[in-house]
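run.txt (compact mmCIF, C-alpha atoms (C1' of nucleotides))
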# COMPACT_ATOMS: atom_id res chain seq x y z
CA MET A 1 95.64 126.23 149.14
CA LYS A 2 95.28 128.68 146.28
CA LEU A 3 95.18 127.99 142.59
CA SER A 4 97.90 129.82 140.69
CA THR A 5 97.36 132.04 137.67
CA ARG A 6 98.22 129.03 135.51
CA GLY A 7 95.05 127.23 136.47
CA ARG A 8 92.88 130.30 136.55
CA TYR A 9 94.01 131.84 133.26
CA GLY A 10 94.07 128.44 131.64
CA LEU A 11 90.52 127.61 132.68
CA LYS A 12 89.28 130.94 131.34
CA ALA A 13 91.11 130.38 128.08
CA MET A 14 89.56 126.93 127.73
CA PHE A 15 86.14 128.36 128.47
CA ASP A 16 86.77 130.94 125.75
CA LEU A 17 87.56 128.13 123.30
CA ALA A 18 84.42 126.30 124.41
CA LEU A 19 82.29 129.36 123.70
CA ASN A 20 83.77 129.39 120.21
CA TYR A 21 83.64 125.65 119.68
CA GLY A 22 82.98 124.71 116.04
CA GLU A 23 84.03 128.06 114.66
CA GLY A 24 87.53 127.24 113.50
CA PRO A 25 90.83 128.17 115.10
CA ILE A 26 90.87 130.99 117.64
CA SER A 27 94.14 132.89 117.96
CA LEU A 28 95.84 133.30 121.29
CA THR A 29 96.11 136.99 120.53
CA SER A 30 92.34 137.33 120.65
CA ILE A 31 92.04 135.29 123.83
CA ALA A 32 94.84 137.26 125.46
CA GLU A 33 93.09 140.50 124.57
CA ARG A 34 89.74 139.42 125.99
CA GLN A 35 91.43 138.34 129.20
CA ALA A 36 94.02 141.09 129.43
CA VAL A 37 96.98 138.78 129.83
CA SER A 38 100.14 138.51 127.75
CA VAL A 39 100.23 136.25 124.71
CA ASN A 40 103.64 134.94 125.72
CA TYR A 41 102.33 133.77 129.06
CA LEU A 42 99.20 132.22 127.58
CA GLU A 43 101.40 130.29 125.16
CA GLN A 44 103.09 128.68 128.11
CA LEU A 45 99.75 127.61 129.49
CA ILE A 46 98.26 126.33 126.28
CA SER A 47 101.31 124.22 125.53
CA PRO A 48 100.66 121.58 128.21
CA LEU A 49 96.96 121.62 127.32
CA ARG A 50 97.88 120.72 123.79
CA LYS A 51 100.23 117.98 124.93
CA ALA A 52 97.41 116.62 127.08
CA ASN A 53 95.23 116.50 123.96
CA LEU A 54 92.69 118.93 125.30
CA VAL A 55 93.25 121.44 122.50
CA LYS A 56 94.65 121.20 119.03
CA SER A 57 96.44 123.89 117.09
CA VAL A 58 96.53 125.20 113.54
CA ARG A 59 99.79 126.87 112.70
CA GLY A 60 100.45 129.85 110.48
CA ALA A 61 98.45 132.96 109.64
CA GLN A 62 94.76 132.66 110.52
CA GLY A 63 95.78 129.76 112.72
CA GLY A 64 94.95 129.32 116.35
CA TYR A 65 93.60 126.82 118.81
CA MET A 66 90.41 124.84 119.20
CA LEU A 67 89.15 122.24 121.62
CA ALA A 68 90.38 118.80 120.63
CA VAL A 69 87.03 117.21 121.52
CA GLU A 70 83.51 118.32 122.39
CA PRO A 71 83.19 120.65 125.40
CA GLN A 72 81.25 118.09 127.42
CA LEU A 73 84.19 115.71 127.20
CA ILE A 74 86.61 118.15 128.82
CA THR A 75 86.31 118.45 132.56
CA VAL A 76 87.48 121.30 134.72
CA GLY A 77 89.50 118.67 136.57
CA ALA A 78 91.39 117.68 133.44
CA ILE A 79 92.24 121.31 132.71
CA LEU A 80 93.29 122.23 136.24
CA THR A 81 95.36 119.13 136.86
CA THR A 82 97.12 119.57 133.54
CA LEU A 83 98.13 123.07 134.54
CA GLU A 84 98.58 122.74 138.28
CA GLY A 85 99.38 119.12 138.88
CA PRO A 86 97.19 117.00 141.16
CA LEU A 87 94.77 119.10 143.21
CA ALA A 88 96.00 117.55 146.43
CA PRO A 89 96.66 119.36 149.72
CA THR A 90 99.91 117.41 150.23
CA ASP A 91 102.32 115.44 148.10
CA CYS A 92 101.99 112.39 150.34
CA VAL A 93 98.50 111.59 149.07
CA VAL A 94 99.73 111.56 145.48
CA ILE A 95 103.26 110.21 145.42
CA ASP A 96 103.15 106.45 145.50
CA ASP A 97 106.85 105.83 145.22
CA ALA A 98 107.69 103.28 147.91
CA ASP A 99 110.98 104.93 148.75
CA GLU A 100 109.53 108.34 149.44
CA ILE A 101 109.74 110.37 152.63
CA CYS A 102 106.60 108.77 153.93
CA ASP A 103 106.31 105.07 154.60
CA HIS A 104 102.95 104.29 153.05
CA SER A 105 102.62 100.93 154.68
CA ARG A 106 101.83 102.77 157.87
CA TYR A 107 98.58 104.32 158.80
CA CYS A 108 98.73 108.09 159.24
CA VAL A 109 96.00 110.07 160.97
CA THR A 110 96.76 113.26 159.10
CA LYS A 111 97.14 111.60 155.73
CA VAL A 112 93.60 110.23 155.83
CA ILE A 113 92.36 113.78 156.26
CA TYR A 114 94.38 115.00 153.31
CA GLU A 115 93.05 112.12 151.25
CA LYS A 116 89.48 113.12 152.05
CA ILE A 117 90.18 116.70 151.02
CA TYR A 118 91.78 115.49 147.81
CA GLU A 119 88.83 113.26 147.01
CA SER A 120 86.32 116.00 147.61
CA ILE A 121 88.15 118.47 145.37
CA THR A 122 88.61 115.87 142.66
CA SER A 123 84.97 114.94 142.83
CA VAL A 124 83.86 118.54 142.29
CA VAL A 125 86.19 119.39 139.43
CA ASN A 126 85.62 116.11 137.63
CA SER A 127 81.87 116.59 137.74
CA ILE A 128 81.97 119.90 135.85
CA ASN A 129 82.82 120.11 132.16
CA LEU A 130 83.13 122.96 129.69
CA GLN A 131 79.64 122.40 128.31
CA HIS A 132 78.24 122.94 131.81
CA MET A 133 80.08 126.24 131.93
CA VAL A 134 78.85 127.31 128.52
CA ASP A 135 75.24 126.43 129.41
CA ASP A 136 75.57 128.26 132.69
CA TYR A 137 77.00 131.30 130.91
CA ARG A 138 74.27 131.45 128.25
CA LEU A 139 71.51 130.94 130.81
CA ASN A 140 72.71 133.87 132.85
CA GLN A 141 73.16 136.02 129.78
CA LYS A 142 69.50 135.48 128.94
CA SER A 143 68.30 136.33 132.40
CA MET A 144 69.45 139.92 131.91
CA ILE A 145 72.73 139.60 133.76
CA ILE A 146 74.77 141.38 131.14
CA GLU A 147 78.22 140.01 131.90
CA SER A 148 78.44 136.43 132.97
CA ILE A 149 82.14 136.34 133.53
CA CYS A 150 83.84 138.78 135.81
CA GLU A 151 87.07 140.53 135.04
CA CYS A 152 88.88 138.72 137.85
CA LYS A 153 92.10 137.19 136.74
CA MET B 1 96.71 123.94 145.86
CA LYS B 2 99.05 122.65 148.54
CA LEU B 3 98.91 123.19 152.24
CA SER B 4 102.05 124.83 153.59
CA THR B 5 104.13 123.54 156.48
CA ARG B 6 102.24 125.94 158.72
CA GLY B 7 99.04 123.98 158.36
CA ARG B 8 100.67 120.57 158.34
CA TYR B 9 103.00 121.08 161.31
CA GLY B 10 100.29 122.92 163.17
CA LEU B 11 97.76 120.15 162.72
CA LYS B 12 100.25 117.56 163.93
CA ALA B 13 101.08 119.71 166.94
CA MET B 14 97.40 120.05 167.78
CA PHE B 15 96.94 116.31 167.41
CA ASP B 16 99.87 115.86 169.81
CA LEU B 17 98.14 118.10 172.33
CA ALA B 18 94.91 116.17 171.83
CA LEU B 19 96.67 112.89 172.58
CA ASN B 20 97.90 114.46 175.80
CA TYR B 21 94.66 116.20 176.67
CA GLY B 22 94.03 116.39 180.41
CA GLU B 23 97.64 115.81 181.35
CA GLY B 24 98.71 119.34 182.07
CA PRO B 25 100.88 121.63 179.96
CA ILE B 26 103.00 120.09 177.22
CA SER B 27 106.13 121.99 176.28
CA LEU B 28 106.83 122.97 172.71
CA THR B 29 110.28 121.46 173.13
CA SER B 30 108.77 118.01 173.52
CA ILE B 31 106.39 118.47 170.59
CA ALA B 32 109.20 119.81 168.44
CA GLU B 33 111.32 116.79 169.29
CA ARG B 34 108.61 114.28 168.43
CA GLN B 35 108.02 116.03 165.13
CA ALA B 36 111.58 116.93 164.32
CA VAL B 37 110.94 120.60 163.71
CA SER B 38 112.48 123.65 165.35
CA VAL B 39 110.98 125.08 168.52
CA ASN B 40 111.29 128.59 167.13
CA TYR B 41 109.19 127.74 164.14
CA LEU B 42 106.57 125.89 166.17
CA GLU B 43 106.29 128.94 168.39
CA GLN B 44 105.26 130.96 165.37
CA LEU B 45 102.56 128.47 164.57
CA ILE B 46 101.18 128.05 168.05
CA SER B 47 100.91 131.79 168.52
CA PRO B 48 97.91 132.28 166.19
CA LEU B 49 96.32 129.13 167.59
CA ARG B 50 96.48 130.65 171.03
CA LYS B 51 95.05 133.94 169.79
CA ALA B 52 92.22 131.95 168.18
CA ASN B 53 91.52 130.39 171.59
CA LEU B 54 92.25 126.87 170.40
CA VAL B 55 95.10 126.38 172.87
CA LYS B 56 96.06 128.00 176.14
CA SER B 57 99.52 128.42 177.55
CA VAL B 58 101.21 128.18 180.91
CA ARG B 59 104.32 130.28 181.11
CA GLY B 60 107.54 129.60 182.99
CA ALA B 61 109.40 126.45 183.87
CA GLN B 62 107.29 123.29 183.54
CA GLY B 63 104.92 125.36 181.47
CA GLY B 64 103.65 124.56 178.04
CA TYR B 65 100.49 124.36 176.02
CA MET B 66 97.20 122.52 176.25
CA LEU B 67 94.00 122.51 174.27
CA ALA B 68 91.72 125.31 175.34
CA VAL B 69 88.63 123.09 175.07
CA GLU B 70 87.81 119.42 174.62
CA PRO B 71 89.28 117.76 171.50
CA GLN B 72 85.85 117.14 169.99
CA LEU B 73 85.19 120.87 169.99
CA ILE B 74 88.23 121.66 167.85
CA THR B 75 87.82 120.95 164.16
CA VAL B 76 90.55 120.41 161.63
CA GLY B 77 88.96 123.27 159.75
CA ALA B 78 89.42 125.67 162.64
CA ILE B 79 93.08 124.70 162.94
CA LEU B 80 93.88 124.89 159.25
CA THR B 81 92.07 128.15 158.59
CA THR B 82 93.74 129.74 161.59
CA LEU B 83 97.13 128.83 160.18
CA GLU B 84 96.54 129.07 156.44
CA GLY B 85 93.68 131.48 156.05
CA PRO B 86 90.49 130.39 154.27
CA LEU B 87 90.89 127.10 152.42
CA ALA B 88 89.67 128.67 149.19
CA PRO B 89 91.11 128.10 145.71
CA THR B 90 90.88 131.83 144.91
CA ASP B 91 90.60 135.06 146.84
CA CYS B 92 87.48 136.06 144.93
CA VAL B 93 85.31 133.52 146.75
CA VAL B 94 86.36 134.88 150.13
CA ILE B 95 86.85 138.61 149.79
CA ASP B 96 83.50 140.33 150.02
CA ASP B 97 84.73 143.86 149.85
CA ALA B 98 82.56 145.62 147.29
CA ASP B 99 85.45 147.60 145.86
CA GLU B 100 87.63 144.63 145.12
CA ILE B 101 89.06 143.54 141.78
CA CYS B 102 86.00 141.52 141.05
CA ASP B 103 82.56 143.01 140.77
CA HIS B 104 80.51 140.58 142.79
CA SER B 105 77.19 141.82 141.55
CA ARG B 106 77.96 139.96 138.34
CA TYR B 107 77.66 136.29 137.75
CA CYS B 108 80.95 134.57 136.97
CA VAL B 109 81.15 131.10 135.48
CA THR B 110 84.55 130.38 136.94
CA LYS B 111 83.75 131.78 140.36
CA VAL B 112 80.87 129.36 140.86
CA ILE B 113 83.32 126.52 140.32
CA TYR B 114 85.75 127.93 142.85
CA GLU B 115 82.90 128.33 145.31
CA LYS B 116 81.97 124.68 144.94
CA ILE B 117 85.56 123.62 145.55
CA TYR B 118 85.70 125.88 148.60
CA GLU B 119 82.49 124.46 149.99
CA SER B 120 83.60 120.88 149.52
CA ILE B 121 86.92 121.46 151.27
CA THR B 122 85.24 123.35 154.09
CA SER B 123 82.71 120.62 154.51
CA VAL B 124 85.39 117.94 154.89
CA VAL B 125 87.62 119.80 157.33
CA ASN B 126 84.75 121.05 159.46
CA SER B 127 83.40 117.53 159.83
CA ILE B 128 86.58 116.18 161.43
CA ASN B 129 87.68 117.11 164.92
CA LEU B 130 90.66 116.23 167.09
CA GLN B 131 88.72 113.56 168.98
CA HIS B 132 88.05 111.79 165.68
CA MET B 133 91.77 111.78 165.03
CA VAL B 134 92.60 110.49 168.48
CA ASP B 135 90.00 107.69 168.18
CA ASP B 136 91.31 106.83 164.75
CA TYR B 137 94.86 106.74 166.04
CA ARG B 138 94.08 104.52 169.04
CA LEU B 139 91.98 102.15 166.95
CA ASN B 140 94.83 101.61 164.53
CA GLN B 141 97.34 101.23 167.32
CA LYS B 142 95.25 98.38 168.71
CA SER B 143 94.93 96.65 165.39
CA MET B 144 98.65 95.97 165.37
CA ILE B 145 99.70 98.83 163.14
CA ILE B 146 102.55 99.95 165.30
CA GLU B 147 102.91 103.53 164.18
CA SER B 148 99.74 105.35 163.40
CA ILE B 149 101.31 108.58 162.36
CA CYS B 150 103.91 108.67 159.68
CA GLU B 151 107.06 110.73 159.83
CA CYS B 152 105.93 112.90 156.95
CA LYS B 153 106.25 116.55 157.66
C1' DT C 1 118.66 132.99 191.88
C1' DG C 2 118.84 130.13 187.91
C1' DA C 3 116.80 127.12 184.70
C1' DT C 4 113.00 126.60 181.87
C1' DT C 5 109.58 127.98 179.39
C1' DT C 6 106.41 131.22 176.71
C1' DC C 7 106.22 135.33 173.78
C1' DT C 8 107.58 138.60 170.14
C1' DT C 9 109.84 140.59 166.36
C1' DA C 10 113.30 141.08 162.85
C1' DG C 11 115.90 139.19 159.47
C1' DT C 12 117.27 135.83 155.77
C1' DA C 13 117.77 132.15 152.40
C1' DA C 14 115.48 129.21 149.27
C1' DA C 15 111.84 128.11 146.46
C1' DT C 16 108.09 129.23 143.58
C1' DA C 17 105.21 132.08 140.72
C1' DA C 18 104.58 135.05 137.23
C1' DC C 19 105.90 136.64 133.91
C1' DT C 20 109.29 138.89 129.76
C1' DA C 21 112.07 138.26 125.80
C1' DG C 22 113.45 136.54 121.68
C1' DG C 23 113.91 133.73 117.95
C1' DG C 24 112.62 129.69 114.93
C1' DA C 25 108.94 127.16 112.19
C1' DT C 26 104.74 127.23 109.57
C1' DT C 27 101.19 128.85 106.61
C1' DA C 28 97.51 131.95 104.54
C1' DA C 29 97.03 135.77 101.89
C1' DA C 30 98.74 139.61 99.12
C1' DT D 1 107.21 134.74 96.32
C1' DT D 2 107.17 137.70 99.87
C1' DT D 3 105.01 139.26 104.07
C1' DA D 4 102.40 139.08 108.00
C1' DA D 5 100.38 136.34 111.27
C1' DT D 6 100.50 132.78 113.92
C1' DC D 7 102.21 128.68 116.67
C1' DC D 8 106.23 126.78 119.20
C1' DC D 9 110.14 126.56 122.40
C1' DT D 10 113.47 127.86 125.81
C1' DA D 11 116.09 130.84 128.67
C1' DG D 12 116.18 134.47 131.72
C1' DT D 13 114.29 137.81 135.22
C1' DT D 14 111.68 139.80 138.89
C1' DA D 15 108.54 139.62 142.64
C1' DT D 16 106.42 137.12 146.10
C1' DT D 17 105.96 133.69 149.37
C1' DT D 18 107.61 130.14 152.27
C1' DA D 19 110.20 128.37 155.73
C1' DC D 20 112.70 129.05 158.52
C1' DT D 21 116.85 131.20 162.00
C1' DA D 22 118.10 134.30 165.60
C1' DA D 23 117.82 136.69 169.60
C1' DG D 24 116.16 138.63 173.45
C1' DA D 25 112.39 139.98 176.83
C1' DA D 26 108.96 138.25 180.25
C1' DA D 27 107.19 134.86 183.37
C1' DT D 28 107.40 131.19 186.67
C1' DC D 29 108.84 126.96 189.08
C1' DA D 30 112.33 124.72 191.95
Could you show the structure in this file as structure tokens?
Amino acid sequence: MKLSTRGRYGLKAMFDLALNYGEGPISLTSIAERQAVSVNYLEQLISPLRKANLVKSVRGAQGGYMLAVEPQLITVGAILTTLEGPLAPTDCVVIDDADEICDHSRYCVTKVIYEKIYESITSVVNSINLQHMVDDYRLNQKSMIIESICECK
Amino acid sequence: MKLSTRGRYGLKAMFDLALNYGEGPISLTSIAERQAVSVNYLEQLISPLRKANLVKSVRGAQGGYMLAVEPQLITVGAILTTLEGPLAPTDCVVIDDADEICDHSRYCVTKVIYEKIYESITSVVNSINLQHMVDDYRLNQKSMIIESICECK
DNA sequence: TGATTTCTTAGTAAATAACTAGGGATTAAA
DNA sequence: TTTAATCCCTAGTTATTTACTAAGAAATCA
């Protein structure tokens, strides 16, 4: 039940872009430096985010990435599901192909539990957007807590 | 963010024991047959459940396993965390060792999100116990839905 | 005594995660 | 117009984790 580095690095990168929203393209090199991860790997994470229209890119020298829309329009849920797939504890709550392993016409006592878990996770991540994170960050900066993001990858 | 087979098989096995609560020891062979998994593997899952005092065993011929306490006293959360470890999206919300990767004296904008996810999952799984599942199962059996547990592993 | 069962540990194969590497395309600036 | 900086894409590699399989010892009932 752990998030992979894809989701974690990707969320941090998106938060980085949110902090710099409105300031033109931010290069992956600079994000990678701040987060101590490789540019090559970050490229692989930003690619699906671009295809999902969460960021847009500017190519060439002095190019980079920026949020495609305002921070408050991008939820943590959109970011994480783009990078990790559905935040569901099992495939059976997500796959709705009739011919799958599980016959969905039947009632399953364990599936209802997994559905509740899925709903609760979805509810949390969809209720938080990048603007919330930015506000949270700036608030805690002001209240003398010097660093408001830990060095955890 | 998926549960592994450990949690899924283990929960189904515990539900099986709950359905047969009060009827003496149930052999792993019979559980393994009903769920179409190997006895050897189930043994590895039931072992931690026994050490966590969720089931007790009777050794020898005609032996088997039974719930250690009443079904309503065993939560889905207790079962899943025994088999999967804490249902947390990251290690940083669970490890409280001061010398870990992450300096916990600092405020982290991503960590607070992971904590909220953790809390919401924990809240769901701790609110459901085996008796709930049994009641749910029997209710749906009565209402003409023949099979109330799907063959999903 | 023999069959059945729990209990334990070691090993293994497959899948997934987490990158690394490299090269092409684009563009700003020198 | 060249060069450096950047995005973009794909293939390959390594490490870790998952999901078992295997086998044998210990206990107990018939």
Spatial neighbours of A:Leu130, 9 Å, all atoms listed in the file, chain gap at least 4 places, as an mmCIF file with C-alpha atoms, keeping the file's coordinate frame:
data_model
loop_
_atom_site.group_PDB
_atom_site.id
_atom_site.type_symbol
_atom_site.label_atom_id
_atom_site.label_comp_id
_atom_site.auth_asym_id
_atom_site.auth_seq_id
_atom_site.Cartn_x
_atom_site.Cartn_y
_atom_site.Cartn_z
ATOM 1 C CA MET A 14 89.560 126.930 127.730
ATOM 2 C CA PHE A 15 86.140 128.360 128.470
ATOM 3 C CA ALA A 18 84.420 126.300 124.410
ATOM 4 C CA LEU A 19 82.290 129.360 123.700
ATOM 5 C CA GLU A 70 83.510 118.320 122.390
ATOM 6 C CA PRO A 71 83.190 120.650 125.400
ATOM 7 C CA GLN A 72 81.250 118.090 127.420
ATOM 8 C CA LEU A 73 84.190 115.710 127.200
ATOM 9 C CA ILE A 74 86.610 118.150 128.820
ATOM 10 C CA THR A 75 86.310 118.450 132.560
ATOM 11 C CA VAL A 76 87.480 121.300 134.720
ATOM 12 C CA VAL A 134 78.850 127.310 128.520
ATOM 13 C CA ASP A 135 75.240 126.430 129.410
#
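The neighbours of A:Leu67 here are the residues that come within 7 Å of it, using all atoms listed in the file and leaving out any residue fewer than 2 positions away in the same chain; they are Leu17, Ala18, Tyr21, Leu54, Val55, Lys56, Tyr65, Val69 and Glu70 of chain A.
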Could you check which residues have any atom within 7 Å of (92.2, 134.2, 107.4), counting all atoms listed in the file with coordinates taken straight from the file, and then list them as a PyMOL selection string?
(chain A and resi 61-62) or (chain C and resi 28)
Just give me the gap between atom CA of B:Leu83 and atom CA of B:Ala13 in Å, one decimal is fine.
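According to the coordinates, atom CA of B:Leu83 and atom CA of B:Ala13 are separated by 12.0 Å.
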Can you work out the spacing between atom CA of A:Gln35 and atom CA of A:Arg8 in Å, to one decimal?
11.0 Å
Mind giving me the straight-line distance from atom CA of B:Leu11 to atom CA of B:Leu80 in Å, one decimal?
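These two atoms are separated by 7.0 Å.
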Neighbouring residues of C:DC19 were defined as those with any atom within 9 Å, considering all atoms listed in the file; residues of the same chain fewer than 2 positions away were excluded. Please report them as a list in words.
Ser38, Asn40 and Tyr41 of chain A; DA17 of chain C; DT13 and DT14 of chain D
Near chain A, meaning an atom within 12 Å, which residues of chain D appear when counting all atoms listed in the file? Write them as a ChimeraX atom specification.
/D:3-10
Keeping only C-alpha atoms (C1' of nucleotides), write the selected residues to a file as a PDB file, in the frame of the given file.
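selection-v5.pdb, written as the output of this step:
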ATOM      1  C1'  DT D   3     105.010 139.260 104.070  1.00  0.00           C
ATOM      2  C1'  DA D   4     102.400 139.080 108.000  1.00  0.00           C
ATOM      3  C1'  DA D   5     100.380 136.340 111.270  1.00  0.00           C
ATOM      4  C1'  DT D   6     100.500 132.780 113.920  1.00  0.00           C
ATOM      5  C1'  DC D   7     102.210 128.680 116.670  1.00  0.00           C
ATOM      6  C1'  DC D   8     106.230 126.780 119.200  1.00  0.00           C
ATOM      7  C1'  DC D   9     110.140 126.560 122.400  1.00  0.00           C
ATOM      8  C1'  DT D  10     113.470 127.860 125.810  1.00  0.00           C
TER       9       DT D  10
END
Rank A:Cys152, A:Val39, A:Ala78, A:Val94 by their smallest atom-to-atom distance to chain B, using all atoms listed in the file, and report the top residue only.
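Ranked by minimum distance to chain B, first place goes to A:Cys152.
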With a distance threshold of 12 Å and counting all atoms listed in the file, extract the residues of chain C near chain B and express them as a PyMOL selection string.
chain C and resi 2-9
Ranking B:Val93, B:Ile31, B:Ala88, B:Ala52 by minimum distance to chain A and counting only C-alpha atoms, which one comes first?
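Answer, going by the shortest atom-to-atom distance: B:Ala88.
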With only C-alpha atoms considered, list every residue of chain A at most 6 Å from chain B, as a PDB file with C-alpha atoms, in the coordinates of the input.
ATOM      1  CA  MET A   1      95.640 126.230 149.140  1.00  0.00           C
ATOM      2  CA  LYS A   2      95.280 128.680 146.280  1.00  0.00           C
ATOM      3  CA  LEU A   3      95.180 127.990 142.590  1.00  0.00           C
ATOM      4  CA  LEU A  87      94.770 119.100 143.210  1.00  0.00           C
ATOM      5  CA  PRO A  89      96.660 119.360 149.720  1.00  0.00           C
ATOM      6  CA  THR A  90      99.910 117.410 150.230  1.00  0.00           C
ATOM      7  CA  CYS A 102     106.600 108.770 153.930  1.00  0.00           C
ATOM      8  CA  TYR A 107      98.580 104.320 158.800  1.00  0.00           C
ATOM      9  CA  CYS A 108      98.730 108.090 159.240  1.00  0.00           C
ATOM     10  CA  VAL A 109      96.000 110.070 160.970  1.00  0.00           C
ATOM     11  CA  ILE A 117      90.180 116.700 151.020  1.00  0.00           C
ATOM     12  CA  SER A 120      86.320 116.000 147.610  1.00  0.00           C
ATOM     13  CA  ILE A 121      88.150 118.470 145.370  1.00  0.00           C
ATOM     14  CA  SER A 148      78.440 136.430 132.970  1.00  0.00           C
ATOM     15  CA  ILE A 149      82.140 136.340 133.530  1.00  0.00           C
ATOM     16  CA  CYS A 150      83.840 138.780 135.810  1.00  0.00           C
ATOM     17  CA  CYS A 152      88.880 138.720 137.850  1.00  0.00           C
TER      18      CYS A 152
END
Quick one: residues within 10 Å of C:DA13, all atoms listed in the file, excluding same-chain residues fewer than 6 positions away - as a list in words?
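Near neighbours after the sequence-gap exclusion: DA19, DC20 and DT21 of chain D.
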